[in-house]
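Below is the file structure_24.cif, which contains mmCIF, C-alpha atoms and all ligand atoms.
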data_protein
#
loop_
_atom_site.label_atom_id
_atom_site.label_comp_id
_atom_site.auth_asym_id
_atom_site.auth_seq_id
_atom_site.Cartn_x
_atom_site.Cartn_y
_atom_site.Cartn_z
CA MET A 71 103.99 127.93 95.91
CA LEU A 72 106.94 130.07 94.89
CA ILE A 73 109.76 128.57 92.85
CA GLY A 74 113.01 130.54 92.79
CA LEU A 75 115.33 129.71 89.90
CA CYS A 76 119.01 130.55 90.17
CA GLY A 77 121.96 129.61 88.02
CA GLY A 78 124.74 130.62 85.66
CA ILE A 79 124.36 132.87 82.63
CA CYS A 80 122.27 131.08 79.98
CA ALA A 81 121.97 127.95 82.13
CA GLY A 82 118.24 127.77 81.37
CA LYS A 83 116.46 129.69 84.14
CA SER A 84 114.17 131.62 81.82
CA SER A 85 113.36 128.57 79.72
CA ILE A 86 112.29 126.75 82.86
CA ALA A 87 110.27 129.77 84.02
CA SER A 88 108.57 129.87 80.60
CA TYR A 89 107.79 126.18 80.84
CA LEU A 90 106.20 126.66 84.27
CA ILE A 91 104.17 129.64 83.03
CA GLU A 92 102.94 127.97 79.86
CA GLU A 93 102.37 124.44 81.14
CA HIS A 94 101.55 124.82 84.82
CA HIS A 95 99.87 128.24 85.19
CA PHE A 96 102.71 129.86 87.12
CA LYS A 97 103.01 133.64 87.11
CA ARG A 98 106.37 135.36 87.01
CA ILE A 99 107.29 137.87 89.68
CA TYR A 100 110.30 140.15 89.79
CA LEU A 101 112.61 141.47 92.45
CA ALA A 102 114.53 144.67 91.76
CA ARG A 103 118.26 144.30 91.99
CA THR A 104 120.17 146.59 94.30
CA ALA A 105 123.74 145.66 93.29
CA PRO A 106 124.95 146.77 89.83
CA THR A 107 124.50 144.11 87.15
CA PRO A 108 127.52 143.29 84.96
CA ALA A 109 126.94 144.40 81.37
CA VAL A 110 127.25 140.94 79.83
CA GLU A 111 124.80 139.45 82.27
CA LYS A 112 122.36 142.27 81.72
CA SER A 113 122.29 141.65 78.00
CA ALA A 114 122.07 137.91 78.70
CA SER A 115 119.17 138.27 81.05
CA TYR A 116 116.73 139.74 78.62
CA THR A 117 114.24 137.16 77.41
CA HIS A 118 110.66 137.71 76.51
CA ILE A 119 108.38 135.67 78.75
CA PRO A 120 104.74 135.46 77.73
CA THR A 121 102.41 136.39 80.56
CA PRO A 122 99.07 134.67 80.09
CA ASP A 123 97.37 136.87 82.69
CA THR A 124 97.25 140.32 81.13
CA SER A 125 95.52 141.90 84.12
CA LEU A 126 98.76 141.77 86.06
CA ASP A 127 101.57 143.29 84.09
CA GLU A 128 105.27 143.04 84.75
CA GLU A 129 105.42 146.38 86.50
CA SER A 130 102.84 145.50 89.14
CA LEU A 131 104.66 142.24 89.81
CA THR A 132 108.05 143.87 90.37
CA PHE A 133 108.96 144.39 94.00
CA PRO A 134 111.55 146.79 95.38
CA ASP A 135 112.71 144.40 98.11
CA VAL A 136 112.32 140.78 99.17
CA GLU A 137 110.09 141.70 102.13
CA SER A 138 107.40 143.21 99.92
CA LEU A 139 107.67 140.30 97.49
CA LEU A 140 107.23 137.85 100.36
CA HIS A 141 104.29 139.77 101.75
CA PHE A 142 102.60 139.64 98.35
CA VAL A 143 103.15 135.90 97.88
CA THR A 144 102.27 135.01 101.48
CA LEU A 145 98.75 136.29 100.85
CA ARG A 146 98.59 134.30 97.61
CA TRP A 147 100.76 131.27 98.33
CA ARG A 148 98.22 128.79 96.98
CA GLU A 149 98.72 130.32 93.55
CA ARG A 150 101.83 129.42 91.57
CA TRP A 151 104.66 131.95 91.34
CA VAL A 152 108.10 131.79 89.80
CA THR A 153 111.04 134.20 89.91
CA THR A 154 114.55 134.15 88.51
CA ASP A 155 115.61 137.14 90.60
CA ILE A 156 117.55 135.30 93.27
CA TRP A 157 120.23 137.91 93.66
CA ASP A 158 122.11 136.96 96.81
CA GLU A 159 122.22 134.98 100.06
CA THR A 160 120.05 137.53 101.87
CA VAL A 161 117.23 136.96 99.38
CA VAL A 162 117.58 133.20 99.78
CA ASP A 163 117.69 133.44 103.59
CA MET A 164 114.44 135.38 103.60
CA LEU A 165 112.64 133.18 101.07
CA MET A 166 113.74 129.89 102.59
CA ARG A 167 112.03 130.67 105.89
CA ARG A 168 108.66 130.29 104.21
CA PRO A 169 107.06 126.86 103.75
CA PHE A 170 105.85 127.64 100.23
CA PHE A 171 109.29 128.39 98.74
CA LEU A 172 111.36 125.99 96.67
CA LEU A 173 114.86 126.96 95.50
CA VAL A 174 115.88 125.31 92.23
CA SER A 175 119.30 125.84 90.70
CA VAL A 176 120.19 125.33 87.06
CA ASP A 177 123.63 124.75 85.65
CA ALA A 178 125.00 123.77 82.25
CA PRO A 179 128.41 123.20 80.68
CA VAL A 180 130.08 126.50 79.82
CA SER A 181 130.33 125.48 76.14
CA ALA A 182 126.55 124.99 75.98
CA ARG A 183 125.93 128.28 77.75
CA TRP A 184 128.31 130.07 75.39
CA GLU A 185 126.45 128.76 72.34
CA ARG A 186 123.13 129.83 73.86
CA PHE A 187 124.57 133.23 74.68
CA LYS A 188 125.82 133.77 71.13
CA ALA A 189 122.42 132.76 69.79
CA ARG A 190 120.73 135.26 72.09
CA CYS A 191 123.07 138.03 71.02
CA ALA A 192 122.40 137.18 67.37
CA ALA A 193 118.65 137.25 67.98
CA GLN A 194 118.98 140.74 69.41
CA GLY A 195 121.26 141.96 66.63
CA MET A 196 124.20 142.25 69.01
CA SER A 197 127.71 141.02 68.41
CA PRO A 198 128.79 138.62 71.15
CA PRO A 199 131.88 139.25 73.27
CA LEU A 200 134.95 137.03 72.92
CA LEU A 201 134.72 133.62 74.56
CA GLY A 202 137.41 134.63 77.06
CA GLU A 203 135.41 137.64 78.16
CA PHE A 204 132.30 135.52 78.49
CA VAL A 205 134.20 133.04 80.69
CA LEU A 206 135.53 135.83 82.92
CA ARG A 207 132.02 137.28 83.28
CA ASN A 208 130.72 133.85 84.22
CA ASP A 209 133.42 133.41 86.82
CA ALA A 210 132.60 136.81 88.29
CA HIS A 211 128.90 135.94 88.26
CA LEU A 212 129.46 132.70 90.14
CA PHE A 213 132.66 133.12 92.14
CA SER A 214 133.35 136.77 92.95
CA PRO A 215 133.83 137.00 96.75
CA ALA A 216 131.01 139.40 97.60
CA THR A 217 128.37 138.75 94.98
CA GLY A 218 129.15 135.31 93.50
CA LEU A 219 126.21 132.91 93.29
CA ALA A 220 128.09 129.59 93.51
CA THR A 221 127.49 129.00 97.24
CA LEU A 222 123.88 129.98 96.84
CA LEU A 223 123.30 127.40 94.09
CA HIS A 224 124.31 124.65 96.47
CA ARG A 225 121.52 125.54 98.86
CA ALA A 226 118.91 124.55 96.26
CA ARG A 227 116.77 121.56 97.15
CA LEU A 228 116.74 120.60 93.49
CA ARG A 229 119.83 121.19 91.36
CA LEU A 230 119.26 120.77 87.66
CA LEU A 231 122.03 120.04 85.20
CA ASN A 232 120.67 121.40 81.94
CA SER A 233 122.84 119.98 79.21
CA THR A 234 119.74 119.20 77.17
CA THR A 235 120.28 119.82 73.49
CA SER A 236 116.91 121.35 72.62
CA LEU A 237 114.02 123.16 74.25
CA THR A 238 111.81 120.15 73.47
CA SER A 239 114.07 117.76 75.37
CA LEU A 240 114.33 120.26 78.24
CA ARG A 241 110.54 120.41 78.46
CA THR A 242 110.19 116.64 78.29
CA ALA A 243 112.69 116.28 81.14
CA LEU A 244 110.91 118.93 83.19
CA ALA A 245 107.56 117.19 82.69
CA ALA A 246 109.03 113.96 84.12
CA LEU A 247 110.36 115.90 87.10
CA ASP A 248 106.93 117.25 88.11
CA LEU A 249 108.23 120.56 89.50
CA PRO A 250 104.85 121.81 90.84
CA ASN A 251 104.55 118.74 93.08
CA ASP A 252 104.32 120.30 96.53
CA VAL A 253 105.70 117.23 98.26
CA ARG A 254 109.08 118.93 97.80
CA LEU A 255 107.80 121.77 99.98
CA ARG A 256 106.47 119.59 102.75
CA PRO A 257 107.36 115.91 102.93
CA SER A 258 104.68 113.23 102.96
CA TRP A 259 104.53 111.00 106.05
CA ASP A 260 106.41 108.30 104.17
CA GLN A 261 109.13 110.74 103.23
CA TYR A 262 109.28 112.23 106.70
CA PHE A 263 109.73 108.90 108.47
CA MET A 264 112.14 107.61 105.82
CA GLN A 265 114.28 110.70 106.32
CA LEU A 266 114.29 109.99 110.06
CA ALA A 267 115.40 106.45 109.26
CA ASP A 268 118.19 107.88 107.09
CA LEU A 269 119.22 110.15 109.95
CA ALA A 270 119.32 107.19 112.34
CA ALA A 271 121.48 105.34 109.79
CA HIS A 272 124.08 108.09 110.08
CA ARG A 273 124.62 106.99 113.71
CA SER A 274 125.49 103.45 112.61
CA ASN A 275 128.94 102.19 113.58
CA CYS A 276 128.78 98.93 111.61
CA MET A 277 131.57 98.48 109.08
CA LYS A 278 129.30 96.62 106.64
CA ARG A 279 126.42 98.90 105.93
CA ARG A 280 124.66 101.91 107.45
CA VAL A 281 121.10 100.96 108.29
CA GLY A 282 118.53 103.06 110.14
CA CYS A 283 115.02 102.30 111.22
CA VAL A 284 112.01 104.10 112.71
CA LEU A 285 109.05 102.41 114.31
CA VAL A 286 105.82 104.40 114.00
CA ARG A 287 102.32 104.05 115.39
CA GLU A 288 99.49 106.43 114.50
CA LYS A 289 101.99 108.75 112.80
CA ARG A 290 104.05 109.04 115.97
CA VAL A 291 107.57 107.76 116.43
CA VAL A 292 107.67 104.90 118.95
CA SER A 293 111.38 104.14 118.66
CA THR A 294 114.39 104.39 116.40
CA GLY A 295 117.37 102.15 115.80
CA TYR A 296 120.58 101.80 113.90
CA ASN A 297 122.96 98.89 113.55
CA GLY A 298 126.10 98.29 115.55
CA THR A 299 127.62 96.28 118.38
CA PRO A 300 125.74 95.89 121.72
CA ARG A 301 126.26 98.46 124.46
CA GLY A 302 129.38 98.10 126.56
CA MET A 303 131.28 96.63 123.61
CA LYS A 304 133.73 98.36 121.31
CA ASN A 305 131.94 99.85 118.32
CA CYS A 306 132.03 97.75 115.16
CA ASN A 307 134.16 100.38 113.41
CA GLU A 308 136.66 100.22 116.29
CA GLY A 309 137.09 96.49 115.77
CA GLY A 310 134.15 95.35 117.95
CA CYS A 311 132.92 92.76 115.44
CA THR A 312 135.59 90.58 113.81
CA ARG A 313 133.26 89.34 111.08
CA CYS A 314 132.26 92.84 109.91
CA ASN A 315 135.88 93.98 109.92
CA GLN A 316 137.08 91.00 107.86
CA GLY A 317 135.15 92.10 104.81
CA SER A 318 132.88 89.04 104.54
CA HIS A 319 130.44 89.21 101.64
CA ALA A 320 126.89 90.38 102.33
CA GLY A 321 124.85 87.66 103.98
CA MET A 322 127.93 85.43 104.67
CA ASP A 323 129.11 84.33 108.17
CA LEU A 324 126.12 86.09 109.75
CA GLY A 325 126.22 83.60 112.62
CA THR A 326 129.49 85.10 113.90
CA CYS A 327 128.39 88.74 113.57
CA LEU A 328 127.99 90.64 116.85
CA CYS A 329 126.21 93.65 115.38
CA ILE A 330 122.56 94.17 116.24
CA HIS A 331 120.51 95.19 113.24
CA ALA A 332 118.70 98.54 113.15
CA GLU A 333 115.28 96.83 113.15
CA GLU A 334 116.23 94.67 116.14
CA ASN A 335 117.37 97.73 118.05
CA ALA A 336 114.14 99.58 117.27
CA LEU A 337 112.03 96.58 118.33
CA LEU A 338 114.03 96.10 121.56
CA GLU A 339 113.73 99.80 122.32
CA ALA A 340 109.95 99.82 121.78
CA GLY A 341 109.20 96.60 123.66
CA ARG A 342 106.32 94.26 122.81
CA ASP A 343 103.73 96.30 124.74
CA ARG A 344 104.12 99.45 122.67
CA ILE A 345 103.85 97.66 119.34
CA ARG A 346 100.23 97.20 118.32
CA GLU A 347 98.10 96.62 115.28
CA GLY A 348 98.79 99.38 112.75
CA SER A 349 102.46 99.87 113.67
CA ILE A 350 104.67 100.64 110.68
CA LEU A 351 108.40 100.02 110.48
CA TYR A 352 110.37 102.34 108.20
CA CYS A 353 113.81 101.13 107.25
CA ASN A 354 116.28 102.53 104.72
CA THR A 355 117.15 98.94 103.73
CA CYS A 356 114.77 96.02 103.21
CA PRO A 357 114.88 93.85 106.38
CA CYS A 358 116.94 90.66 106.34
CA LEU A 359 115.49 87.22 107.00
CA THR A 360 116.07 87.12 110.77
CA CYS A 361 114.74 90.65 111.28
CA SER A 362 111.67 89.75 109.21
CA VAL A 363 110.99 86.83 111.54
CA LYS A 364 111.08 89.16 114.56
CA ILE A 365 109.05 91.87 112.83
CA THR A 366 106.37 89.29 112.05
CA GLN A 367 106.36 87.94 115.60
CA VAL A 368 105.86 91.31 117.36
CA GLY A 369 102.79 92.11 115.26
CA ILE A 370 103.92 94.97 113.03
CA SER A 371 101.39 95.67 110.26
CA GLU A 372 103.57 97.16 107.57
CA VAL A 373 107.21 97.48 106.57
CA VAL A 374 108.28 100.36 104.32
CA TYR A 375 111.81 100.28 102.94
CA LYS A 376 113.87 102.37 100.54
CA GLU A 377 116.67 100.19 99.22
CA ALA A 378 116.49 96.53 98.29
CA TYR A 379 118.84 94.01 99.95
CA SER A 380 120.35 90.86 98.46
CA ILE A 381 118.14 88.34 100.28
CA ASP A 382 114.82 90.16 99.97
CA SER A 383 112.74 87.33 98.58
CA LYS A 384 113.02 85.07 101.64
CA ALA A 385 112.28 88.02 103.92
CA SER A 386 109.26 89.05 101.87
CA ASP A 387 107.93 85.46 101.98
CA ILE A 388 108.12 85.44 105.79
CA LEU A 389 106.46 88.84 106.07
CA ALA A 390 103.74 87.88 103.58
CA SER A 391 102.93 84.65 105.41
CA GLY A 392 102.72 86.64 108.67
CA GLY A 393 100.32 89.14 107.13
CA VAL A 394 102.85 92.02 107.19
CA ARG A 395 102.54 94.34 104.22
CA LEU A 396 105.87 95.13 102.50
CA ARG A 397 106.23 98.23 100.37
CA GLN A 398 109.08 100.16 98.79
CA PHE A 399 109.13 103.95 99.00
CA SER A 400 111.33 106.06 96.76
CA PRO A 401 111.28 109.77 97.58
CA PRO A 402 110.77 112.33 94.78
CA ARG A 403 113.94 113.27 93.01
CA ALA A 404 115.98 115.91 94.79
CA GLY A 405 119.63 116.92 94.81
CA LEU A 406 121.43 116.92 91.48
CA VAL A 407 119.29 115.83 88.54
CA ASP A 408 120.70 115.57 85.02
CA LEU A 409 117.92 116.71 82.70
CA SER A 410 119.59 115.14 79.69
CA VAL A 411 118.85 111.72 81.21
CA SER A 412 115.15 111.16 81.77
CA ALA A 413 113.92 109.04 84.65
CA PRO A 414 111.60 106.05 84.35
CA GLU A 415 108.03 107.26 84.81
CA ASP A 416 107.25 105.34 87.96
CA TYR A 417 110.47 106.30 89.71
CA CYS A 418 108.90 109.04 91.83
CA SER A 419 105.69 107.29 92.70
CA PRO A 420 105.26 106.09 96.26
CA GLY A 421 104.82 102.36 96.43
CA ALA A 422 106.78 101.72 93.26
CA PRO A 423 107.33 98.01 92.60
CA ASN A 424 110.19 96.27 94.40
CA ASP A 425 112.25 96.05 91.26
CA ALA A 426 112.08 99.81 90.61
CA ILE A 427 115.32 100.79 88.96
CA LEU A 428 117.55 102.85 91.17
CA ASN A 429 118.48 106.17 89.73
CA ARG A 430 122.22 105.52 89.49
CA ASP A 431 121.62 102.23 87.68
CA TYR A 432 119.33 103.97 85.27
CA LEU A 433 121.86 106.71 84.60
CA HIS A 434 124.50 104.11 83.88
CA MET A 435 122.18 102.06 81.69
CA ALA A 436 121.01 105.09 79.73
CA GLN A 437 124.60 106.11 79.05
CA GLU A 438 125.48 102.63 77.86
CA LEU A 439 122.41 102.35 75.66
CA SER A 440 123.00 105.68 74.00
CA GLY A 441 126.72 104.98 73.54
CA TRP A 442 127.31 108.38 75.03
CA ASP A 443 130.91 109.21 75.60
CA GLU A 444 131.61 112.19 77.79
CA ASN A 445 134.85 112.92 75.96
CA GLU A 446 133.05 113.19 72.68
CA GLY A 447 131.61 116.56 71.70
CA ARG A 448 127.86 116.41 71.29
CA PRO A 449 126.00 118.64 68.88
CA ILE A 450 124.54 121.67 70.65
CA ILE A 451 121.21 122.95 69.52
CA LEU A 452 120.91 126.58 70.41
CA ASP A 453 118.66 127.37 73.31
CA PRO A 454 118.31 131.08 73.89
CA SER A 455 117.56 130.85 77.57
CA GLY A 456 118.78 132.61 80.64
ZN ZN B 1 129.11 95.44 112.11
ZN ZN B 2 129.33 92.06 112.55
ZN ZN B 3 118.36 92.40 109.86
#
Could you show the structure in this file as structure tokens?
Ligand SMILES: [Zn+2]
Ligand SMILES: [Zn+2]
Ligand SMILES: [Zn+2]
Amino acid sequence: MLIGLCGGICAGKSSIASYLIEEHHFKRIYLARTAPTPAVEKSASYTHIPTPDTSLDEESLTFPDVESLLHFVTLRWRERWVTTDIWDETVVDMLMRRPFFLLVSVDAPVSARWERFKARCAAQGMSPPLLGEFVLRNDAHLFSPATGLATLLHRARLRLLNSTTSLTSLRTALAALDLPNDVRLRPSWDQYFMQLADLAAHRSNCMKRRVGCVLVREKRVVSTGYNGTPRGMKNCNEGGCTRCNQGSHAGMDLGTCLCIHAEENALLEAGRDRIREGSILYCNTCPCLTCSVKITQVGISEVVYKEAYSIDSKASDILASGGVRLRQFSPPRAGLVDLSVSAPEDYCSPGAPNDAILNRDYLHMAQELSGWDENEGRPIILDPSG
């Protein structure tokens, strides 16, 4: 695999590259830059990275253009490569076409990056620029119209917020994240079908909750469904269901609701004949009681869900008594991840227990437990990273 790290000046790219090299046998590769590098960034970008494999030195792993770099890695994609030379959108466009490439962005508060930058200057016997100059350089680095990296950072599959206060805590957070896990390159079947269920949920017109569902047999999609009013009726969000539009609490007045649930729609679409032993129903929300009754009756073997629902226990009893396996799947962490808040160890594992703590709850809990106040300045331990 090839991990590309991009981010602001002193956000932590080189520290993460070092971690991957030292702990996970990655090798660093380099891409020559064609555009001129601003002076401050150039001095900020120098960090010594130990290369465990002395047979391949830095020079032989520096490529004049992204095509030659890609050609090199394509022949060796089963090995682990890392680069911080993500210079512009063209480089990202080229790299992202390949199935072995993962773009990871790193960002950090400007105050933390400033402290790291000063520490790096001190380590190299240089006097740092004024804070104002550093800020302007950062803005140019991220937001200048032609060469700014800000839009590029948002294309990363994994966006790391590195406000960690020491290299040790950064490394601990990275270990929990399991960066070399190649499921981020190519989704597992569970992840694939759950993403399809999420996509179906986006078509929902129900005012209460977006639910999507995919029915699968032998790893093939049999049918999909999302919740909303029956065909021919006004959509729920256009006033089609009075109950949903009155703001009733979850699970209340269900008898007057006109919306068909995602699971019901998927089952109706498939028909009894196409559902056989071994069929799996993926749903972004744990099925309700009445859906569980129907799921059990049509002979589905397994239900995989992502988010819990308020009346799960009755539904799980029905499914269990009907011999339907029920399992929760939480995809590996993607999107924005705050490295200063570590995740519970079992969060990423497929088949985590039903009471697995949702990420947002954990974030909230961790902040409460630590008494962390975002208005309060926290001590910054210098981290000379790039
Ligand atoms: Zn509705
Ligand atoms: Zn309704
Ligand atoms: Zn239901």
Could you produce a table of the residues of chain A lying within 9 Å of ligand ZN 3 (chain B), with the nearest pair of atoms per residue and their separation in Å rounded to one decimal, using all atoms listed in the file, ordered by chain and increasing residue number, as JSON lines?
{"residue": "A:Asn297", "atom": "CA", "partner": "B:ZN3", "partner_atom": "ZN", "distance": 8.8}
{"residue": "A:Ile330", "atom": "CA", "partner": "B:ZN3", "partner_atom": "ZN", "distance": 7.8}
{"residue": "A:His331", "atom": "CA", "partner": "B:ZN3", "partner_atom": "ZN", "distance": 4.9}
{"residue": "A:Ala332", "atom": "CA", "partner": "B:ZN3", "partner_atom": "ZN", "distance": 7.0}
{"residue": "A:Glu333", "atom": "CA", "partner": "B:ZN3", "partner_atom": "ZN", "distance": 6.3}
{"residue": "A:Glu334", "atom": "CA", "partner": "B:ZN3", "partner_atom": "ZN", "distance": 7.0}
{"residue": "A:Cys356", "atom": "CA", "partner": "B:ZN3", "partner_atom": "ZN", "distance": 8.4}
{"residue": "A:Pro357", "atom": "CA", "partner": "B:ZN3", "partner_atom": "ZN", "distance": 5.1}
{"residue": "A:Cys358", "atom": "CA", "partner": "B:ZN3", "partner_atom": "ZN", "distance": 4.2}
{"residue": "A:Leu359", "atom": "CA", "partner": "B:ZN3", "partner_atom": "ZN", "distance": 6.6}
{"residue": "A:Thr360", "atom": "CA", "partner": "B:ZN3", "partner_atom": "ZN", "distance": 5.8}
{"residue": "A:Cys361", "atom": "CA", "partner": "B:ZN3", "partner_atom": "ZN", "distance": 4.3}
{"residue": "A:Ser362", "atom": "CA", "partner": "B:ZN3", "partner_atom": "ZN", "distance": 7.2}
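Pairwise distance (CA of Cys76 in chain A, CA of Ala102 in chain A) equals 14.9 Å.
The spacing separating CA of Ser233 in chain A from CA of Phe96 in chain A amounts to 23.8 Å.
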*In Å to one decimal, how far is CA of Ala243 in chain A from CA of Leu165 in chain A?*
26.1 Å
*Using only C-alpha atoms and all ligand atoms, determine which residues fall within 6 Å of ligand ZN 2 (chain B), then list them as a ChimeraX atom specification.*
/A:311,313-314,327-329
Emit the selected residues as a JSON list (two decimals), keeping the file's coordinate frame, including C-alpha atoms.
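Contents of result.json, freshly written:
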[["chain", "number", "residue", "atom", "x", "y", "z"],
["A", 311, "CYS", "CA", 132.92, 92.76, 115.44],
["A", 313, "ARG", "CA", 133.26, 89.34, 111.08],
["A", 314, "CYS", "CA", 132.26, 92.84, 109.91],
["A", 327, "CYS", "CA", 128.39, 88.74, 113.57],
["A", 328, "LEU", "CA", 127.99, 90.64, 116.85],
["A", 329, "CYS", "CA", 126.21, 93.65, 115.38]]
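Nearest residue to ligand ZN 1 (chain B), choosing from A:Leu406, A:Tyr379, A:Asn307, A:Asn354 and counting all atoms listed in the file: A:Asn307.
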*Got a sec to check which residues lie within 12 Å of ligand ZN 1 (chain B), using only C-alpha atoms and all ligand atoms, and send them as an NGL selection string?*
:A and (274-281 or 296-300 or 303-318 or 320 or 323-324 or 326-332)
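With only C-alpha atoms as the atoms that count, the minimum distance from Leu172 in chain A to the choices A:Ala404, A:Leu206, A:Gly393, A:Leu131 is reached by A:Ala404.
Proximity of A:Val174, A:Arg150, A:Asp408, A:Thr355 to Asp382 in chain A, computed with all atoms listed in the file, is greatest for A:Thr355.
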*Neighbours of range 246-251 of chain A within 12 Å (all atoms listed in the file; same-chain residues fewer than 2 positions away dropped), as JSON, numbers by chain?*
{"A": [71, 72, 73, 74, 75, 86, 87, 89, 90, 91, 93, 94, 95, 96, 148, 149, 150, 151, 152, 170, 171, 172, 173, 174, 227, 228, 229, 230, 239, 240, 241, 242, 243, 244, 253, 254, 255, 256, 257, 258, 402, 403, 404, 406, 407, 408, 409, 410, 411, 412, 413, 414, 415, 416, 417, 418, 419]}
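Between Pro179 in chain A and the residues A:Val162, A:Leu200, A:Leu231, A:Ala193, the shortest atom-to-atom distance, using only C-alpha atoms, involves A:Leu231.
The protein and nucleic acid residues lying at most 12 Å from Leu212 in chain A are Cys76, Gly77, Gly78, Ile79, Ala81, Pro108, Glu111, Trp157, Asp158, Asp177, Val205, Leu206, Arg207, Asn208, Ala216, Thr217, Gly218, Leu219, Ala220, Thr221, Leu222, Leu223 and His224 of chain A, with only C-alpha atoms considered and sequence neighbours fewer than 4 positions away removed.
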